[in-house]
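Participant: Below is the file data-v6.cif, with mmCIF, C-alpha atoms.
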```cif
data_start
#
loop_
_atom_site.label_atom_id
_atom_site.label_comp_id
_atom_site.auth_asym_id
_atom_site.auth_seq_id
_atom_site.Cartn_x
_atom_site.Cartn_y
_atom_site.Cartn_z
CA MET A 235 -26.18 -16.08 -13.91
CA SER A 236 -28.78 -16.92 -16.55
CA GLY A 237 -28.57 -18.85 -19.80
CA GLY A 238 -26.82 -21.88 -18.47
CA PHE A 239 -24.13 -21.84 -21.17
CA LEU A 240 -21.37 -22.05 -18.56
CA ALA A 241 -22.73 -25.42 -17.46
CA THR A 242 -22.46 -26.99 -20.94
CA PRO A 243 -19.75 -29.22 -22.48
CA GLU A 244 -19.08 -26.41 -24.99
CA ALA A 245 -18.09 -24.13 -22.09
CA ALA A 246 -15.86 -26.94 -20.79
CA LEU A 247 -14.15 -27.03 -24.18
CA ILE A 248 -13.57 -23.25 -24.08
CA ILE A 249 -12.16 -23.53 -20.55
CA VAL A 250 -9.70 -26.27 -21.55
CA LEU A 251 -8.67 -24.49 -24.77
CA VAL A 252 -8.06 -21.15 -23.04
CA ALA A 253 -6.06 -22.89 -20.31
CA LEU A 254 -3.95 -24.81 -22.86
CA ILE A 255 -3.42 -21.95 -25.33
CA ALA A 256 -3.35 -18.77 -23.22
CA HIS A 257 -2.14 -19.97 -19.82
CA GLU A 258 -0.19 -23.23 -19.48
CA PRO A 259 2.38 -22.34 -22.21
CA PHE A 260 3.83 -19.69 -19.87
CA ARG A 261 4.86 -22.48 -17.50
CA TRP A 262 6.56 -24.31 -20.39
CA LEU A 263 8.13 -21.06 -21.57
CA GLY A 264 9.62 -20.56 -18.12
CA ALA A 265 11.19 -24.03 -18.31
CA TYR A 266 12.47 -23.31 -21.81
CA LEU A 267 13.95 -19.94 -20.90
CA GLY A 268 15.06 -21.22 -17.51
CA ARG A 269 18.78 -21.25 -18.02
CA GLY A 270 19.11 -17.99 -19.92
CA LEU A 271 17.19 -15.60 -17.68
CA ALA A 272 17.57 -14.39 -14.13
CA GLY A 273 14.32 -14.39 -12.14
CA ASP A 274 14.81 -10.72 -11.28
CA SER A 275 15.26 -9.47 -14.87
CA GLU A 276 13.82 -6.03 -15.60
CA ILE A 277 11.21 -7.48 -17.96
CA PHE A 278 9.78 -9.52 -15.08
CA VAL A 279 9.51 -6.43 -12.91
CA TRP A 280 7.29 -4.90 -15.61
CA VAL A 281 5.34 -8.16 -15.99
CA ARG A 282 4.65 -8.25 -12.28
CA THR A 283 3.45 -4.65 -12.25
CA VAL A 284 1.08 -5.30 -15.18
CA ALA A 285 -0.30 -8.45 -13.50
CA THR A 286 -0.66 -6.60 -10.19
CA ALA A 287 -2.65 -3.75 -11.75
CA LEU A 288 -4.82 -6.26 -13.64
CA VAL A 289 -5.63 -8.33 -10.56
CA ALA A 290 -6.27 -5.17 -8.50
CA GLY A 291 -8.70 -4.10 -11.24
CA LEU A 292 -10.37 -7.52 -11.03
CA VAL A 293 -10.72 -7.16 -7.25
CA ALA A 294 -12.31 -3.72 -7.64
CA ARG A 295 -14.70 -5.09 -10.27
CA LEU A 296 -15.72 -8.01 -8.06
CA VAL A 297 -16.29 -5.77 -5.03
CA LEU A 298 -17.94 -2.76 -6.73
CA PHE A 299 -19.88 -4.55 -9.46
CA PRO A 300 -20.50 -8.10 -8.22
CA ALA A 301 -22.21 -10.32 -10.78
CA GLY A 302 -24.37 -12.42 -8.46
CA VAL A 303 -25.43 -13.08 -4.87
CA LEU A 304 -22.89 -10.63 -3.42
CA GLU A 305 -24.99 -7.83 -4.92
CA ALA A 306 -27.51 -8.41 -2.13
CA ILE A 307 -24.95 -7.19 0.42
CA PRO A 308 -24.89 -3.36 0.43
CA LEU A 309 -21.88 -1.65 -1.16
CA ALA A 310 -21.04 0.17 2.10
CA VAL A 311 -20.83 -3.19 3.91
CA ARG A 312 -18.59 -4.66 1.20
CA LEU A 313 -16.24 -1.67 1.34
CA THR A 314 -16.14 -1.66 5.15
CA ALA A 315 -15.19 -5.35 5.11
CA VAL A 316 -12.37 -4.70 2.63
CA VAL A 317 -11.00 -1.84 4.76
CA ALA A 318 -11.24 -3.98 7.92
CA GLY A 319 -9.44 -6.84 6.17
CA ILE A 320 -6.61 -4.56 5.02
CA ALA A 321 -6.30 -2.97 8.48
CA VAL A 322 -6.05 -6.30 10.34
CA PHE A 323 -3.73 -7.71 7.66
CA LEU A 324 -1.30 -4.78 8.05
CA TRP A 325 -1.64 -4.73 11.84
CA ALA A 326 -0.85 -8.47 11.99
CA ARG A 327 2.35 -7.90 10.00
CA ARG A 328 0.84 -8.88 6.67
CA HIS A 329 -0.73 -12.11 7.89
CA LEU A 330 -2.91 -13.36 5.03
CA GLY A 331 -5.15 -15.64 7.11
CA ALA A 332 -5.85 -12.97 9.73
CA GLY A 333 -6.81 -10.41 7.09
CA VAL A 334 -9.04 -12.71 5.06
CA PHE A 335 -10.77 -14.05 8.18
CA SER A 336 -11.42 -10.55 9.60
CA ALA A 337 -12.85 -9.28 6.33
CA ALA A 338 -15.15 -12.30 6.12
CA ALA A 339 -16.22 -11.87 9.77
CA VAL A 340 -17.02 -8.17 9.30
CA LEU A 341 -18.94 -8.90 6.11
CA LEU A 342 -20.96 -11.60 7.85
CA ALA A 343 -21.74 -9.48 10.93
CA LEU A 344 -22.69 -6.33 9.03
CA GLY A 345 -24.42 -8.36 6.33
CA VAL A 346 -26.71 -9.97 8.92
CA LEU A 347 -27.40 -6.59 10.57
CA ALA A 348 -28.21 -4.98 7.21
CA GLN A 349 -30.92 -7.53 6.45
CA MET B 274 24.36 -26.37 -7.53
CA SER B 275 22.38 -24.60 -4.91
CA GLN B 276 24.27 -21.37 -5.53
CA GLU B 277 22.45 -21.11 -8.85
CA SER B 278 19.32 -19.99 -7.09
CA GLY B 279 21.05 -17.41 -4.96
CA GLU B 280 19.15 -14.60 -6.67
CA ASP B 281 15.98 -15.35 -4.84
CA GLU B 282 17.45 -15.60 -1.37
CA GLN B 283 15.13 -12.85 -0.19
CA GLN B 284 12.18 -15.08 -1.04
CA THR B 285 13.63 -17.89 1.01
CA ALA B 286 14.49 -15.93 4.12
CA ALA B 287 12.14 -18.20 6.07
CA ALA B 288 14.09 -21.23 4.86
CA GLY B 289 17.13 -19.99 6.73
CA LYS B 290 15.59 -21.02 10.03
CA PRO B 291 16.39 -24.60 10.89
CA ARG B 292 13.41 -26.85 10.42
CA HIS B 293 13.31 -29.91 12.53
CA ARG B 294 10.98 -31.95 10.43
CA SER B 295 12.81 -33.22 7.37
CA TYR B 296 11.18 -33.57 3.98
CA ARG B 297 12.38 -36.51 1.92
CA THR B 298 9.51 -38.23 0.19
CA PHE B 299 6.49 -37.54 -1.99
CA ARG B 300 4.29 -38.09 1.05
CA ASP B 301 6.23 -35.51 3.09
CA GLY B 302 5.45 -33.07 0.27
CA LEU B 303 1.78 -34.04 0.23
CA ARG B 304 1.48 -33.22 3.93
CA VAL B 305 2.34 -29.55 3.24
CA ALA B 306 -1.27 -29.22 2.04
CA LEU B 307 -2.31 -29.50 5.72
CA SER B 308 -0.21 -26.48 6.77
CA VAL B 309 -1.50 -22.91 7.15
CA PRO B 310 -0.84 -21.92 3.50
CA GLY B 311 -2.66 -25.09 2.43
CA VAL B 312 -5.68 -24.18 4.55
CA ILE B 313 -5.75 -20.64 3.13
CA LEU B 314 -5.51 -22.12 -0.37
CA PHE B 315 -8.37 -24.48 0.47
CA ALA B 316 -10.54 -21.57 1.62
CA SER B 317 -9.76 -19.54 -1.49
CA ALA B 318 -10.54 -22.54 -3.71
CA ALA B 319 -13.85 -22.82 -1.84
CA GLY B 320 -14.40 -19.13 -2.63
CA PHE B 321 -13.73 -19.90 -6.29
CA GLY B 322 -16.17 -22.82 -6.18
CA ALA B 323 -18.85 -20.53 -4.73
CA LEU B 324 -18.10 -17.91 -7.38
CA ALA B 325 -18.35 -20.58 -10.10
CA ASN B 326 -21.73 -21.70 -8.80
CA ASP B 327 -22.90 -18.09 -8.73
CA ALA B 328 -21.64 -17.54 -12.29
CA GLY B 329 -23.62 -20.53 -13.56
CA LEU B 330 -20.91 -23.15 -14.08
CA SER B 331 -21.67 -26.82 -13.55
CA LEU B 332 -19.78 -28.54 -10.74
CA PHE B 333 -17.82 -30.47 -13.38
CA ASN B 334 -16.80 -27.31 -15.27
CA ALA B 335 -15.80 -25.57 -12.03
CA VAL B 336 -13.50 -28.43 -10.97
CA LEU B 337 -12.23 -28.78 -14.54
CA MET B 338 -11.33 -25.09 -14.57
CA MET B 339 -9.51 -25.38 -11.25
CA ALA B 340 -7.58 -28.40 -12.56
CA THR B 341 -6.63 -27.03 -15.97
CA PHE B 342 -5.62 -23.50 -14.91
CA PHE B 343 -4.47 -24.06 -11.32
CA ALA B 344 -4.03 -20.30 -10.92
CA LEU B 345 -6.97 -18.56 -9.27
CA PRO B 346 -6.56 -15.05 -10.77
CA ALA B 347 -6.57 -16.39 -14.35
CA GLN B 348 -9.61 -18.55 -13.60
CA VAL B 349 -11.61 -15.77 -12.06
CA VAL B 350 -10.69 -13.40 -14.90
CA MET B 351 -11.93 -15.91 -17.50
CA MET B 352 -15.00 -17.00 -15.56
CA ASP B 353 -16.12 -13.47 -14.76
CA GLN B 354 -15.61 -12.53 -18.40
CA LEU B 355 -17.75 -15.47 -19.60
CA ALA B 356 -20.41 -14.83 -16.94
CA ARG B 357 -20.78 -11.20 -18.05
CA GLY B 358 -20.96 -12.26 -21.69
CA GLY B 359 -17.75 -10.41 -22.56
CA SER B 360 -15.49 -11.21 -25.51
CA ILE B 361 -13.79 -14.60 -25.15
CA LEU B 362 -10.70 -13.37 -26.98
CA ALA B 363 -10.31 -10.33 -24.71
CA GLY B 364 -10.77 -12.67 -21.76
CA ALA B 365 -8.09 -15.02 -23.08
CA ALA B 366 -5.76 -12.07 -23.61
CA ALA B 367 -6.30 -10.93 -20.00
CA VAL B 368 -5.68 -14.53 -18.88
CA ALA B 369 -2.40 -14.49 -20.80
CA LEU B 370 -1.39 -11.24 -19.08
CA THR B 371 -1.90 -12.84 -15.67
CA GLY B 372 -0.13 -15.98 -16.94
CA VAL B 373 3.08 -14.19 -17.87
CA ARG B 374 3.82 -13.82 -14.17
CA LEU B 375 4.25 -17.62 -14.06
CA VAL B 376 7.38 -17.37 -16.22
CA PRO B 377 9.64 -15.85 -13.54
CA MET B 378 8.13 -18.23 -10.95
CA VAL B 379 9.17 -21.23 -13.07
CA VAL B 380 12.57 -19.71 -13.85
CA THR B 381 13.35 -19.26 -10.15
CA ILE B 382 12.03 -22.64 -8.91
CA LEU B 383 13.68 -24.68 -11.67
CA PRO B 384 17.24 -24.68 -10.26
CA TRP B 385 15.81 -26.53 -7.23
CA LEU B 386 14.29 -29.23 -9.40
CA LYS B 387 17.10 -30.99 -11.20
CA ASP B 388 15.59 -34.36 -12.07
CA ASP B 389 17.61 -37.31 -13.30
CA ARG B 390 14.50 -39.30 -14.14
CA PRO B 391 13.60 -38.27 -17.67
CA ALA B 392 9.82 -38.88 -17.50
CA VAL B 393 8.06 -36.00 -19.25
CA TRP B 394 4.93 -36.29 -17.13
CA ARG B 395 6.96 -35.55 -13.99
CA ARG B 396 8.22 -32.30 -15.50
CA LEU B 397 4.78 -31.31 -16.77
CA LEU B 398 3.16 -32.03 -13.39
CA ALA B 399 5.86 -30.08 -11.52
CA LEU B 400 5.43 -27.15 -13.92
CA HIS B 401 1.64 -27.27 -13.64
CA ALA B 402 1.94 -27.04 -9.86
CA VAL B 403 3.79 -23.73 -10.15
CA ALA B 404 1.42 -21.09 -8.81
CA ILE B 405 1.93 -18.75 -5.90
CA THR B 406 1.34 -21.11 -2.94
CA ALA B 407 3.34 -24.12 -4.17
CA TRP B 408 6.05 -21.75 -5.38
CA LEU B 409 6.38 -20.06 -1.99
CA GLU B 410 6.30 -23.39 -0.13
CA GLY B 411 8.85 -24.84 -2.57
CA HIS B 412 11.24 -21.99 -1.86
CA ARG B 413 10.67 -22.38 1.87
CA ILE B 414 11.15 -26.14 2.03
CA LEU B 415 13.40 -27.30 -0.84
CA PRO B 416 16.65 -25.71 0.38
CA GLY B 417 16.54 -28.05 3.39
CA VAL B 418 15.90 -31.16 1.28
CA PRO B 419 18.74 -33.37 -0.03
CA GLU B 420 19.30 -32.51 -3.66
CA ASP B 421 18.28 -35.88 -5.07
CA ARG B 422 14.95 -35.80 -3.17
CA ARG B 423 13.85 -32.29 -4.15
CA MET B 424 11.87 -33.16 -7.30
CA GLN B 425 10.07 -35.92 -5.45
CA VAL B 426 9.18 -33.63 -2.53
CA PHE B 427 8.06 -30.83 -4.85
CA LEU B 428 5.84 -33.23 -6.81
CA GLY B 429 4.29 -34.12 -3.46
CA ILE B 430 3.77 -30.45 -2.55
CA GLY B 431 2.26 -29.75 -5.97
CA THR B 432 -0.02 -32.78 -5.97
CA GLY B 433 -1.21 -31.97 -2.45
CA MET B 434 -1.96 -28.36 -3.38
CA ILE B 435 -3.79 -29.38 -6.58
CA LEU B 436 -5.92 -31.97 -4.75
CA THR B 437 -6.64 -29.43 -1.99
CA THR B 438 -7.96 -26.91 -4.51
CA LEU B 439 -10.09 -29.51 -6.33
CA VAL B 440 -11.78 -30.64 -3.11
CA GLY B 441 -12.06 -26.98 -1.98
CA THR B 442 -13.71 -26.00 -5.25
CA ALA B 443 -16.26 -28.81 -5.03
CA ILE B 444 -17.10 -28.04 -1.38
CA GLY B 445 -17.39 -24.29 -2.02
CA PHE B 446 -19.59 -24.98 -5.04
CA GLU B 447 -21.97 -27.18 -3.05
CA LEU B 448 -22.03 -24.87 -0.02
CA ALA B 449 -22.87 -21.83 -2.14
CA GLY B 450 -26.03 -23.57 -3.32
CA THR B 451 -27.26 -24.59 0.12
CA VAL B 452 -26.25 -21.98 2.74
CA PRO B 453 -28.27 -18.78 3.40
CA PRO B 454 -27.55 -15.90 0.96
CA VAL B 455 -25.48 -13.91 3.50
CA LEU B 456 -23.14 -16.86 4.03
CA ALA B 457 -22.94 -17.42 0.28
CA GLY B 458 -21.99 -13.74 -0.01
CA VAL B 459 -19.18 -14.29 2.50
CA LEU B 460 -17.90 -17.25 0.45
CA LEU B 461 -17.97 -15.17 -2.72
CA PHE B 462 -16.14 -12.40 -0.92
CA LEU B 463 -13.20 -14.67 -0.04
CA THR B 464 -11.81 -14.47 -3.57
CA PRO B 465 -11.42 -10.69 -3.98
CA ILE B 466 -10.12 -10.13 -0.44
CA TYR B 467 -7.67 -13.04 -0.78
CA PHE B 468 -6.40 -11.64 -4.09
CA LEU B 469 -6.06 -8.10 -2.73
CA LEU B 470 -4.18 -9.14 0.41
CA SER B 471 -1.98 -11.54 -1.59
CA LEU B 472 -0.96 -8.63 -3.81
CA MET B 473 -0.15 -6.58 -0.71
CA LYS B 474 1.80 -9.45 0.80
CA ALA B 475 3.88 -9.86 -2.34
CA ALA B 476 4.42 -6.09 -2.72
CA SER B 477 8.01 -5.04 -2.13
CA LEU B 478 8.70 -2.10 -4.45
CA ALA B 479 6.96 1.28 -4.53
CA MET B 480 5.58 0.37 -7.96
CA ASP B 481 3.82 -2.71 -6.54
CA TRP B 482 1.82 -0.60 -4.09
CA LEU B 483 1.22 1.97 -6.81
CA ALA B 484 -0.07 -0.75 -9.15
CA ILE B 485 -2.51 -1.98 -6.48
CA LEU B 486 -3.84 1.56 -6.04
CA VAL B 487 -3.94 2.50 -9.72
CA GLY B 488 -5.44 -0.86 -10.74
CA SER B 489 -8.23 -0.55 -8.15
CA VAL B 490 -9.17 2.91 -9.46
CA MET B 491 -8.60 2.32 -13.17
CA GLY B 492 -10.36 -1.07 -13.24
CA PRO B 493 -13.85 0.25 -12.41
CA VAL B 494 -13.38 3.25 -14.74
CA PHE B 495 -12.49 1.02 -17.70
CA TYR B 496 -15.28 -1.37 -16.70
CA VAL B 497 -17.77 1.44 -17.22
CA ILE B 498 -16.12 2.85 -20.38
CA THR B 499 -14.99 -0.32 -22.16
CA PRO B 500 -16.67 -3.33 -20.54
CA GLY B 501 -15.06 -6.59 -21.67
CA PHE B 502 -11.66 -5.02 -22.27
CA ASP B 503 -11.37 -3.37 -18.86
CA LEU B 504 -8.91 -5.83 -17.28
CA LEU B 505 -6.68 -5.94 -20.35
CA LEU B 506 -6.44 -2.14 -20.48
CA THR B 507 -6.11 -1.74 -16.72
CA GLY B 508 -3.18 -4.17 -16.72
CA LEU B 509 -1.35 -2.84 -19.77
CA ILE B 510 -1.92 0.90 -19.30
CA GLY B 511 -2.09 1.08 -15.50
CA GLY B 512 0.72 -1.42 -14.99
CA THR B 513 3.05 0.26 -17.48
CA ILE B 514 2.43 3.71 -15.99
CA CYS B 515 3.19 2.35 -12.52
CA TYR B 516 6.33 0.65 -13.79
CA VAL B 517 7.65 3.87 -15.36
CA VAL B 518 6.68 6.06 -12.38
CA GLY B 519 8.03 3.46 -9.95
CA ARG B 520 11.40 3.38 -11.68
CA ARG B 521 11.53 7.20 -11.60
CA LEU B 522 10.74 7.18 -7.87
CA ASP B 523 13.48 4.61 -7.27
CA THR B 524 16.11 6.80 -8.95
CA LEU B 525 14.81 9.92 -7.17
CA PHE B 526 15.25 8.29 -3.79
CA GLU B 527 18.46 6.45 -4.51
CA GLU B 528 20.62 8.97 -6.31
CA PRO B 529 21.23 11.51 -3.52
CA ASP B 530 22.73 8.73 -1.39
CA GLU B 531 25.25 7.69 -4.03
#
```
What would you get if you wrote out this structure as structure tokens?
Facilitator:
Amino acid sequence: MSGGFLATPEAALIIVLVALIAHEPFRWLGAYLGRGLAGDSEIFVWVRTVATALVAGLVARLVLFPAGVLEAIPLAVRLTAVVAGIAVFLWARRHLGAGVFSAAAVLLALGVLAQ
Amino acid sequence: MSQESGEDEQQTAAAGKPRHRSYRTFRDGLRVALSVPGVILFASAAGFGALANDAGLSLFNAVLMMATFFALPAQVVMMDQLARGGSILAGAAAVALTGVRLVPMVVTILPWLKDDRPAVWRRLLALHAVAITAWLEGHRILPGVPEDRRMQVFLGIGTGMILTTLVGTAIGFELAGTVPPVLAGVLLFLTPIYFLLSLMKAASLAMDWLAILVGSVMGPVFYVITPGFDLLLTGLIGGTICYVVGRRLDTLFEEPDE
């Protein structure tokens, strides 16, 4: 977007700090807890559900309110591509590559037509 | 020793099939980056690179972000937050919420990684590699590897995956700046669709599917009401509701049988 702040060394510092303070410690915590906890503990079921809802919210935000170039592709085209991707993914027995590729192909085809 | 990781047998169902190629060395691990999951990871890293270009990052900052986080959801959460000028603290909190899911991944891969060489950097690198793709591949491959070679092979898998994403990020970043807008749009679109389908692939309980649905609806609502805190609230409120409802559903469906 505008401003250019995200291209600066200050932004790099923020990126590294957030990664080191808010993200990487969870990997160390896992190693520290390792012996005492089972991977299927109830707390992890909750954690997974929270992370799933959060990432689903992120997906919706990226598709419905894109911040950049994707805005130029009409909303109806974006939604159609998502539905097509899900349909092929499920039809192909949850094959990730097939779903992602189909969604991209539909977006490209309809995106070109919509121009 | 291998019994210790019995609890995640369902994750390693694929490992039960005999594999004819044996994995013994760091280089064997590296080669996993050329398999189908590696290629998908490459494409999604390219999507991230394109997204980073679109958000206004420099190529250096984009690759730095890929290297330091090595977990696409957390990166995109933080980057999107910064690009929209949202609160850095709220962004970091949302990053932490996505990061917590790494704890059980580490806990379940660790029994496969007993290492008699005490070098700290080996442990830190192996831990840093823990993200969904390397974790899944580790569970698929490590059971068939002799115990004393597992750490070495996993370090290879992790290094290969990390290098793949760094190159993918750089290529996606450069492509996004040069290809026609429609193609750039397709690159940008790889990230959300990859995330969504990954969630669906990992979904096993009713509450997982519920969380996908509720998150997709609640996310945009909170984005309009409380921009900047939308992901945090969607995760905590939506996720907790789904957890509670999911547990209720489980008991509803299970009890009559028993």
Participant: Take CA of Gly501 (chain B) and CA of Cys515 (chain B) and report the distance between them in Å, one decimal.
Facilitator: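 Interatomic distance here is 22.3 Å.
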Participant: Work out how far apart CA of Arg423 (chain B) and CA of Ile255 (chain A) are and give it in Å to one decimal.
Facilitator: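 Separation between CA of Arg423 (chain B) and CA of Ile255 (chain A): 29.2 Å.
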Participant: Region 317-332 of chain A, all listed atoms, 5 Å padding on each side: what axis-aligned box centre and edge lengths in Å to one decimal come out, as AutoDock Vina command-line options?
Facilitator:
```
--center_x -4.4 --center_y -8.7 --center_z 8.4 --size_x 23.6 --size_y 23.8 --size_z 17.2
```
Participant: Apply the PyMOL selection byres ((chain A and resi 280-293) around 8) to the file shown and report the selected residues as a compact mmCIF listing (two decimals) with C-alpha atoms, in the frame of the given file.
Facilitator:
```
# COMPACT_ATOMS: atom_id res chain seq x y z
CA GLU A 276 13.82 -6.03 -15.60
CA ILE A 277 11.21 -7.48 -17.96
CA PHE A 278 9.78 -9.52 -15.08
CA VAL A 279 9.51 -6.43 -12.91
CA ALA A 294 -12.31 -3.72 -7.64
CA ARG A 295 -14.70 -5.09 -10.27
CA LEU A 296 -15.72 -8.01 -8.06
CA VAL A 297 -16.29 -5.77 -5.03
CA PRO B 346 -6.56 -15.05 -10.77
CA VAL B 350 -10.69 -13.40 -14.90
CA LEU B 370 -1.39 -11.24 -19.08
CA THR B 371 -1.90 -12.84 -15.67
CA VAL B 373 3.08 -14.19 -17.87
CA ARG B 374 3.82 -13.82 -14.17
CA PRO B 465 -11.42 -10.69 -3.98
CA ILE B 466 -10.12 -10.13 -0.44
CA PHE B 468 -6.40 -11.64 -4.09
CA LEU B 469 -6.06 -8.10 -2.73
CA LEU B 472 -0.96 -8.63 -3.81
CA MET B 480 5.58 0.37 -7.96
CA ASP B 481 3.82 -2.71 -6.54
CA ALA B 484 -0.07 -0.75 -9.15
CA ILE B 485 -2.51 -1.98 -6.48
CA LEU B 486 -3.84 1.56 -6.04
CA VAL B 487 -3.94 2.50 -9.72
CA GLY B 488 -5.44 -0.86 -10.74
CA SER B 489 -8.23 -0.55 -8.15
CA VAL B 490 -9.17 2.91 -9.46
CA MET B 491 -8.60 2.32 -13.17
CA GLY B 492 -10.36 -1.07 -13.24
CA PRO B 493 -13.85 0.25 -12.41
CA LEU B 504 -8.91 -5.83 -17.28
CA LEU B 505 -6.68 -5.94 -20.35
CA THR B 507 -6.11 -1.74 -16.72
CA GLY B 508 -3.18 -4.17 -16.72
CA LEU B 509 -1.35 -2.84 -19.77
CA GLY B 511 -2.09 1.08 -15.50
CA GLY B 512 0.72 -1.42 -14.99
CA THR B 513 3.05 0.26 -17.48
CA CYS B 515 3.19 2.35 -12.52
CA TYR B 516 6.33 0.65 -13.79
```
Participant: Would you kindly translate the PyMOL selection byres ((chain B and resi 317-334) around 7) into the concrete residues it picks from this file, as a PyMOL selection string?
Facilitator: (chain A and resi 235-236+238+240-241+246+302-303) or (chain B and resi 313-316+335-338+356+438+441-446+449+460-461+463-464+467)
